[in-house]
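Please read the structure below before turning to the comments.
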Amino acid sequence: MSDPLPFRPYAPGTQPPYDAPAYLGTVKRHPKQKLHPMPQTVTETTGPRFSPNRFPPLGDLTMAKGKPAIGERIIVAGTITDEDGRPVPNTMVEIWQANATGRYDHPADQHDAPLDPNFHGMGRVFTDDQGRYRFLTIRPGAYPWPNHKNAWRPNHIHFSYFGPAFATRLITQMYFPGDPLLAFDPIFHAVPDEHARNRLIAVFDLDITEADYALGYRFDVVLRGRAATPMED
Amino acid sequence: MPTATASQTIGPYWHLMEDPSWADLTRFGAAGEKITLTGAVLDGDGKPCADACVEIWQPDPPASDSFPGFGRSNTDSAGVYRFTTVKPGPVPARGNAQQAPHIAICVLSRGLMRGLVTRAYFEGDRLNDTDPLLMSIEEPARRATLIARPAGSGTWRMDVRLQGEGETVFLDV
């Protein structure tokens, strides 16, 4: 049996460090030891497969039991590719987010902003054979958090991606263009490379926008690609 | 060509996407030796991380309609995750070597900008002594952080210490 082709290392500066002290939550949770290097094995180069039959898609977050959620309807769509530009087809995408007032439908969120009985804030879709996905949702509000004086998280949607392998798992956040809070957000700024950071900001897209209905934002995502040649042992 | 998109923390509200049944990898009727894999996720003060998302992936037994191979568990107020799964067998390593039975673990939480990857091996397995990854960790005490220990009636326990004394070995995959 031939060795599995590994996924390539992350490009320097494009991923946040574990030790990101401006984000206080990292202080007691980042490892002090270096990550232990290892060659990828079948454990890392394979991963779960989810099927829409067993995990039913939920691509419209704007309604609950036929009643509309409050807030600005938006369409978020994009393409998932690997680092060679190849689409990642039939992969599950999960999202979760605060409602239009900046409140999560979650018991741990005690922010004094109203819940919306018609908005839960969770979605799940699968990419098509071209790697494309699309959600219909409500633009999330900003909310305060206890990190520094007058700290507010910029508007964001949480995203979870799987791709073909355990090594391609990605959890990230999508931000909105022109948000003044981005300049002050230590989670966004934990990504050292400015270009890599700015790719977390969705692009307003008139082609995704639907007339008389909802504004459209494009959020394209890149998952790790395979190394060109097998790594030496 | 663009590089892989940057990671951001999963935050404290990821439970909105949680389906608690995902912590039971045998729920679709998997055959094999059923085990519980459990343990606490602890921070640098030894305090429980009560809002973590722990995910596992195992390449053996092979994923199928009756066995997803993947699981997701929350941590409770004591920081404890808990999976029901099937005990894995050995899988190939690079070259002609073999890997001891193990389960891959990814810890995601508020305060972690990226997932932390580690593994649970099974104490007493004869292949542990020749497992390439375990052998590559020189200090026995560090190596021991990847070994789950039997805790009675099919339960295996492995705590994950994110920082400081007894810090778990996290892997650069």
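Labeling convention for the structure tokens: chains A, B, ... as they appear, residues from 1 per chain, ligands from 1 in order of appearance.
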
Interface rows for chain A against chain B: nearest pair, Å to one decimal, 6 Å, only C-alpha atoms, as a tab-separated table:
```
residue	atom	partner	partner_atom	distance
A:Asp3	CA	B:Arg94	CA	5.6
A:Thr14	CA	B:Ala6	CA	5.9
A:Gln15	CA	B:Ala6	CA	5.0
A:Tyr18	CA	B:Met113	CA	5.7
A:Gly25	CA	B:Gly111	CA	4.0
A:Thr26	CA	B:Gly111	CA	4.1
A:Lys28	CA	B:Gly44	CA	4.8
A:Arg29	CA	B:Asp43	CA	5.3
A:Pro31	CA	B:Gln163	CA	4.6
A:Lys32	CA	B:Gln163	CA	5.9
A:Leu35	CA	B:Leu171	CA	5.1
A:His36	CA	B:Leu171	CA	4.7
A:Pro37	CA	B:Asp172	CA	4.9
A:Thr43	CA	B:Pro59	CA	5.6
A:Pro48	CA	B:Phe70	CA	5.8
A:Glu83	CA	B:Thr3	CA	5.6
A:Met122	CA	B:Met17	CA	5.8
A:Ile171	CA	B:Ser7	CA	5.7
A:Thr172	CA	B:Gln8	CA	4.2
A:Gln173	CA	B:Gln8	CA	5.9
A:Val221	CA	B:Thr5	CA	5.9
A:Val222	CA	B:Ala4	CA	4.8
A:Leu223	CA	B:Ala4	CA	4.9
A:Arg224	CA	B:Ala4	CA	5.2
```

Need the shell around B:Gly79: protein/DNA/RNA residues with any atom at most 6 Å away, counting only C-alpha atoms. Skip same-chain ones fewer than 6 positions apart. Format as a list in words? Ala40, Val41, Pro48, Cys49 and Ala50 of chain B

So that I have them on file, write out the residues from the current selection with C-alpha atoms, as a compact mmCIF listing (two decimals), in the first residue's frame.
```
# COMPACT_ATOMS: atom_id res chain seq x y z
CA ALA B 40 -11.69 16.43 31.17
CA VAL B 41 -10.37 19.40 29.21
CA PRO B 48 -12.31 22.80 33.62
CA CYS B 49 -13.01 24.19 30.15
CA ALA B 50 -16.79 23.91 30.29
```

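Minimum atom-to-atom distances from A:Val93, A:Leu215, A:Asn118, A:Ala165 to A:Leu5 were compared using only C-alpha atoms, and the lowest value belongs to A:Ala165.
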
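The shortest atom-to-atom distance to B:Tyr121, with only C-alpha atoms taken into account, belongs to B:Ala148 out of B:Ala148, B:Ala23, B:Leu37, B:Ala97.
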
Quick one: pull the distance between atom CA of A:Tyr23 and atom CA of A:Thr168, Å, one decimal.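 Interatomic distance, atom CA of A:Tyr23 to atom CA of A:Thr168: 24.7 Å.
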
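Counting from atom CA of A:His106, the distance to atom CA of A:Ser51 is 26.9 Å.
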
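Residues lying within 7 Å of B:Gly39, counting only C-alpha atoms and ignoring same-chain neighbours fewer than 5 positions away, are Val80, Tyr81, Arg82, Arg157, Met158 and Asp159 of chain B.
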
Could you turn the residues from that selection into a file that holds N, CA and C atoms, as an mmCIF file, in the first residue's frame?
```
data_model
loop_
_atom_site.group_PDB
_atom_site.id
_atom_site.type_symbol
_atom_site.label_atom_id
_atom_site.label_comp_id
_atom_site.auth_asym_id
_atom_site.auth_seq_id
_atom_site.Cartn_x
_atom_site.Cartn_y
_atom_site.Cartn_z
ATOM 1 N N VAL B 80 -15.816 17.833 31.158
ATOM 2 C CA VAL B 80 -15.724 16.446 30.700
ATOM 3 C C VAL B 80 -16.445 16.228 29.366
ATOM 4 N N TYR B 81 -15.710 15.637 28.418
ATOM 5 C CA TYR B 81 -16.303 15.162 27.155
ATOM 6 C C TYR B 81 -16.570 13.677 27.300
ATOM 7 N N ARG B 82 -17.439 13.137 26.461
ATOM 8 C CA ARG B 82 -17.763 11.706 26.557
ATOM 9 C C ARG B 82 -18.278 11.203 25.211
ATOM 10 N N ARG B 157 -10.212 6.626 29.812
ATOM 11 C CA ARG B 157 -10.173 8.027 30.216
ATOM 12 C C ARG B 157 -8.870 8.688 29.782
ATOM 13 N N MET B 158 -8.995 9.822 29.115
ATOM 14 C CA MET B 158 -7.818 10.631 28.799
ATOM 15 C C MET B 158 -8.154 12.102 28.987
ATOM 16 N N ASP B 159 -7.510 12.731 29.975
ATOM 17 C CA ASP B 159 -7.698 14.165 30.171
ATOM 18 C C ASP B 159 -6.838 14.928 29.166
#
```

Going by DSSP on the backbone, which residues of chain A come out as strand (DSSP E)? List them as number ranges by chain. A: 36-37, 63-64, 67-68, 73-82, 92-96, 122-126, 132-138, 143-144, 152-153, 156-161, 170-175, 203-204, 215-218, 221-223

Please provide the set of residues having any atom within 12 Å of B:Pro150, restricted to only C-alpha atoms, with same-chain residues fewer than 3 positions apart removed, written as number ranges by chain. B: 35-39, 120-125, 147, 153-158

Find the distance between atom CA of A:Pro146 and atom CA of A:Gln33 and write it in Å to one decimal. 27.6 Å

Contacts of B:Leu134 at 10 Å or less, counting only C-alpha atoms, minus same-chain residues fewer than 4 places along, as a list in words?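 Close residues of B:Leu134: Gln99, Ala100, Arg119, Tyr121, Asn128, Asp129, Thr130, Glu138, Glu139, Pro140, Arg142, Arg143, Ala144, Leu146 and Ile147 of chain B.
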
Go ahead and save the residues from that selection, with N, CA, C and O atoms, as a PDB file, in the first residue's frame.
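This is the output file result.pdb:
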```pdb
ATOM      1  N   GLN B  99       0.516   1.497  12.837  1.00  0.00           N
ATOM      2  CA  GLN B  99       0.212   2.373  13.968  1.00  0.00           C
ATOM      3  C   GLN B  99      -0.627   1.607  14.983  1.00  0.00           C
ATOM      4  O   GLN B  99      -1.518   0.849  14.604  1.00  0.00           O
ATOM      5  N   ALA B 100      -0.334   1.846  16.243  1.00  0.00           N
ATOM      6  CA  ALA B 100      -1.155   1.252  17.301  1.00  0.00           C
ATOM      7  C   ALA B 100      -2.572   1.826  17.211  1.00  0.00           C
ATOM      8  O   ALA B 100      -2.774   2.948  16.726  1.00  0.00           O
ATOM      9  N   ARG B 119      -4.117  12.768  20.180  1.00  0.00           N
ATOM     10  CA  ARG B 119      -4.599  11.401  19.945  1.00  0.00           C
ATOM     11  C   ARG B 119      -4.799  10.686  21.261  1.00  0.00           C
ATOM     12  O   ARG B 119      -4.083  10.970  22.221  1.00  0.00           O
ATOM     13  N   TYR B 121      -4.394   6.933  22.583  1.00  0.00           N
ATOM     14  CA  TYR B 121      -4.001   5.525  22.424  1.00  0.00           C
ATOM     15  C   TYR B 121      -4.557   4.757  23.619  1.00  0.00           C
ATOM     16  O   TYR B 121      -5.067   5.369  24.577  1.00  0.00           O
ATOM     17  N   ASN B 128       1.702  -0.237  21.113  1.00  0.00           N
ATOM     18  CA  ASN B 128       2.114   1.105  21.560  1.00  0.00           C
ATOM     19  C   ASN B 128       3.638   1.255  21.548  1.00  0.00           C
ATOM     20  O   ASN B 128       4.165   2.334  21.243  1.00  0.00           O
ATOM     21  N   ASP B 129       4.340   0.172  21.870  1.00  0.00           N
ATOM     22  CA  ASP B 129       5.797   0.259  21.973  1.00  0.00           C
ATOM     23  C   ASP B 129       6.481   0.463  20.623  1.00  0.00           C
ATOM     24  O   ASP B 129       7.646   0.863  20.575  1.00  0.00           O
ATOM     25  N   THR B 130       5.781   0.154  19.553  1.00  0.00           N
ATOM     26  CA  THR B 130       6.390   0.321  18.226  1.00  0.00           C
ATOM     27  C   THR B 130       5.646   1.348  17.382  1.00  0.00           C
ATOM     28  O   THR B 130       5.915   1.493  16.189  1.00  0.00           O
ATOM     29  N   GLU B 138      10.118  11.771  22.889  1.00  0.00           N
ATOM     30  CA  GLU B 138      11.217  11.185  23.664  1.00  0.00           C
ATOM     31  C   GLU B 138      10.897  11.032  25.144  1.00  0.00           C
ATOM     32  O   GLU B 138      11.172  10.008  25.744  1.00  0.00           O
ATOM     33  N   GLU B 139      10.329  12.070  25.745  1.00  0.00           N
ATOM     34  CA  GLU B 139      10.082  12.037  27.191  1.00  0.00           C
ATOM     35  C   GLU B 139       8.905  11.121  27.522  1.00  0.00           C
ATOM     36  O   GLU B 139       7.785  11.359  27.045  1.00  0.00           O
ATOM     37  N   PRO B 140       9.118  10.093  28.354  1.00  0.00           N
ATOM     38  CA  PRO B 140       8.018   9.183  28.696  1.00  0.00           C
ATOM     39  C   PRO B 140       6.814   9.903  29.295  1.00  0.00           C
ATOM     40  O   PRO B 140       5.665   9.554  28.991  1.00  0.00           O
ATOM     41  N   ARG B 142       5.741  12.906  28.678  1.00  0.00           N
ATOM     42  CA  ARG B 142       5.004  13.577  27.599  1.00  0.00           C
ATOM     43  C   ARG B 142       4.225  12.546  26.781  1.00  0.00           C
ATOM     44  O   ARG B 142       3.071  12.744  26.437  1.00  0.00           O
ATOM     45  N   ARG B 143       4.909  11.428  26.485  1.00  0.00           N
ATOM     46  CA  ARG B 143       4.267  10.362  25.715  1.00  0.00           C
ATOM     47  C   ARG B 143       2.997   9.887  26.433  1.00  0.00           C
ATOM     48  O   ARG B 143       1.978   9.613  25.807  1.00  0.00           O
ATOM     49  N   ALA B 144       3.082   9.811  27.747  1.00  0.00           N
ATOM     50  CA  ALA B 144       1.961   9.277  28.541  1.00  0.00           C
ATOM     51  C   ALA B 144       0.711  10.148  28.439  1.00  0.00           C
ATOM     52  O   ALA B 144      -0.406   9.684  28.722  1.00  0.00           O
ATOM     53  N   LEU B 146      -0.766  10.935  25.905  1.00  0.00           N
ATOM     54  CA  LEU B 146      -1.586  10.465  24.783  1.00  0.00           C
ATOM     55  C   LEU B 146      -2.199   9.086  25.059  1.00  0.00           C
ATOM     56  O   LEU B 146      -2.787   8.491  24.158  1.00  0.00           O
ATOM     57  N   ILE B 147      -2.034   8.569  26.272  1.00  0.00           N
ATOM     58  CA  ILE B 147      -2.493   7.215  26.569  1.00  0.00           C
ATOM     59  C   ILE B 147      -3.761   7.259  27.426  1.00  0.00           C
ATOM     60  O   ILE B 147      -3.740   7.730  28.566  1.00  0.00           O
TER      61      ILE B 147
END
```

Long-range neighbours of B:Ser21 as an mmCIF file with all heavy atoms, in the first residue's frame, 10 Å cut-off, only C-alpha atoms, 4 positions minimum in chain:
```cif
data_model
loop_
_atom_site.group_PDB
_atom_site.id
_atom_site.type_symbol
_atom_site.label_atom_id
_atom_site.label_comp_id
_atom_site.auth_asym_id
_atom_site.auth_seq_id
_atom_site.Cartn_x
_atom_site.Cartn_y
_atom_site.Cartn_z
ATOM 1 N N LEU B 25 -21.066 7.344 18.417
ATOM 2 C CA LEU B 25 -20.722 6.894 17.066
ATOM 3 C C LEU B 25 -21.312 5.527 16.750
ATOM 4 O O LEU B 25 -21.165 5.033 15.638
ATOM 5 C CB LEU B 25 -19.196 6.862 16.872
ATOM 6 C CG LEU B 25 -18.485 8.218 16.732
ATOM 7 C CD1 LEU B 25 -18.398 8.943 18.061
ATOM 8 C CD2 LEU B 25 -17.091 8.059 16.132
ATOM 9 N N THR B 26 -21.967 4.926 17.747
ATOM 10 C CA THR B 26 -22.585 3.614 17.519
ATOM 11 C C THR B 26 -24.087 3.742 17.255
ATOM 12 O O THR B 26 -24.788 2.738 17.146
ATOM 13 C CB THR B 26 -22.383 2.684 18.738
ATOM 14 O OG1 THR B 26 -23.136 3.199 19.850
ATOM 15 C CG2 THR B 26 -20.919 2.595 19.128
ATOM 16 N N ARG B 27 -24.595 4.984 17.139
ATOM 17 C CA ARG B 27 -26.054 5.181 17.073
ATOM 18 C C ARG B 27 -26.680 4.627 15.804
ATOM 19 O O ARG B 27 -27.900 4.460 15.746
ATOM 20 C CB ARG B 27 -26.397 6.662 17.225
ATOM 21 C CG ARG B 27 -25.950 7.561 16.069
ATOM 22 C CD ARG B 27 -26.045 9.021 16.470
ATOM 23 N NE ARG B 27 -25.724 9.959 15.407
ATOM 24 C CZ ARG B 27 -24.493 10.273 15.016
ATOM 25 N NH1 ARG B 27 -23.448 9.682 15.574
ATOM 26 N NH2 ARG B 27 -24.291 11.165 14.064
ATOM 27 N N GLY B 71 -17.142 11.997 15.583
ATOM 28 C CA GLY B 71 -18.036 12.361 16.667
ATOM 29 C C GLY B 71 -17.741 13.747 17.201
ATOM 30 O O GLY B 71 -16.652 14.299 16.964
ATOM 31 N N ARG B 72 -18.735 14.328 17.866
ATOM 32 C CA ARG B 72 -18.578 15.670 18.445
ATOM 33 C C ARG B 72 -19.250 15.647 19.808
ATOM 34 O O ARG B 72 -20.393 15.204 19.937
ATOM 35 C CB ARG B 72 -19.251 16.686 17.533
ATOM 36 C CG ARG B 72 -19.181 18.121 18.011
ATOM 37 C CD ARG B 72 -19.986 19.033 17.087
ATOM 38 N NE ARG B 72 -19.264 19.372 15.861
ATOM 39 C CZ ARG B 72 -19.851 19.817 14.748
ATOM 40 N NH1 ARG B 72 -21.157 19.953 14.684
ATOM 41 N NH2 ARG B 72 -19.127 20.117 13.680
ATOM 42 N N SER B 73 -18.537 16.100 20.829
ATOM 43 C CA SER B 73 -19.089 16.150 22.186
ATOM 44 C C SER B 73 -18.849 17.530 22.777
ATOM 45 O O SER B 73 -17.793 18.132 22.551
ATOM 46 C CB SER B 73 -18.405 15.094 23.077
ATOM 47 O OG SER B 73 -18.751 15.273 24.443
ATOM 48 N N PHE B 83 -17.588 10.186 24.687
ATOM 49 C CA PHE B 83 -18.014 9.557 23.431
ATOM 50 C C PHE B 83 -18.316 8.084 23.663
ATOM 51 O O PHE B 83 -17.644 7.434 24.465
ATOM 52 C CB PHE B 83 -16.898 9.628 22.378
ATOM 53 C CG PHE B 83 -16.587 11.016 21.904
ATOM 54 C CD1 PHE B 83 -15.513 11.725 22.438
ATOM 55 C CD2 PHE B 83 -17.359 11.614 20.922
ATOM 56 C CE1 PHE B 83 -15.214 13.006 22.001
ATOM 57 C CE2 PHE B 83 -17.062 12.897 20.473
ATOM 58 C CZ PHE B 83 -15.989 13.592 21.019
ATOM 59 N N THR B 84 -19.303 7.573 22.946
ATOM 60 C CA THR B 84 -19.483 6.133 22.810
ATOM 61 C C THR B 84 -19.043 5.786 21.402
ATOM 62 O O THR B 84 -19.507 6.399 20.432
ATOM 63 C CB THR B 84 -20.957 5.745 23.004
ATOM 64 O OG1 THR B 84 -21.385 6.221 24.277
ATOM 65 C CG2 THR B 84 -21.129 4.241 22.948
#
```
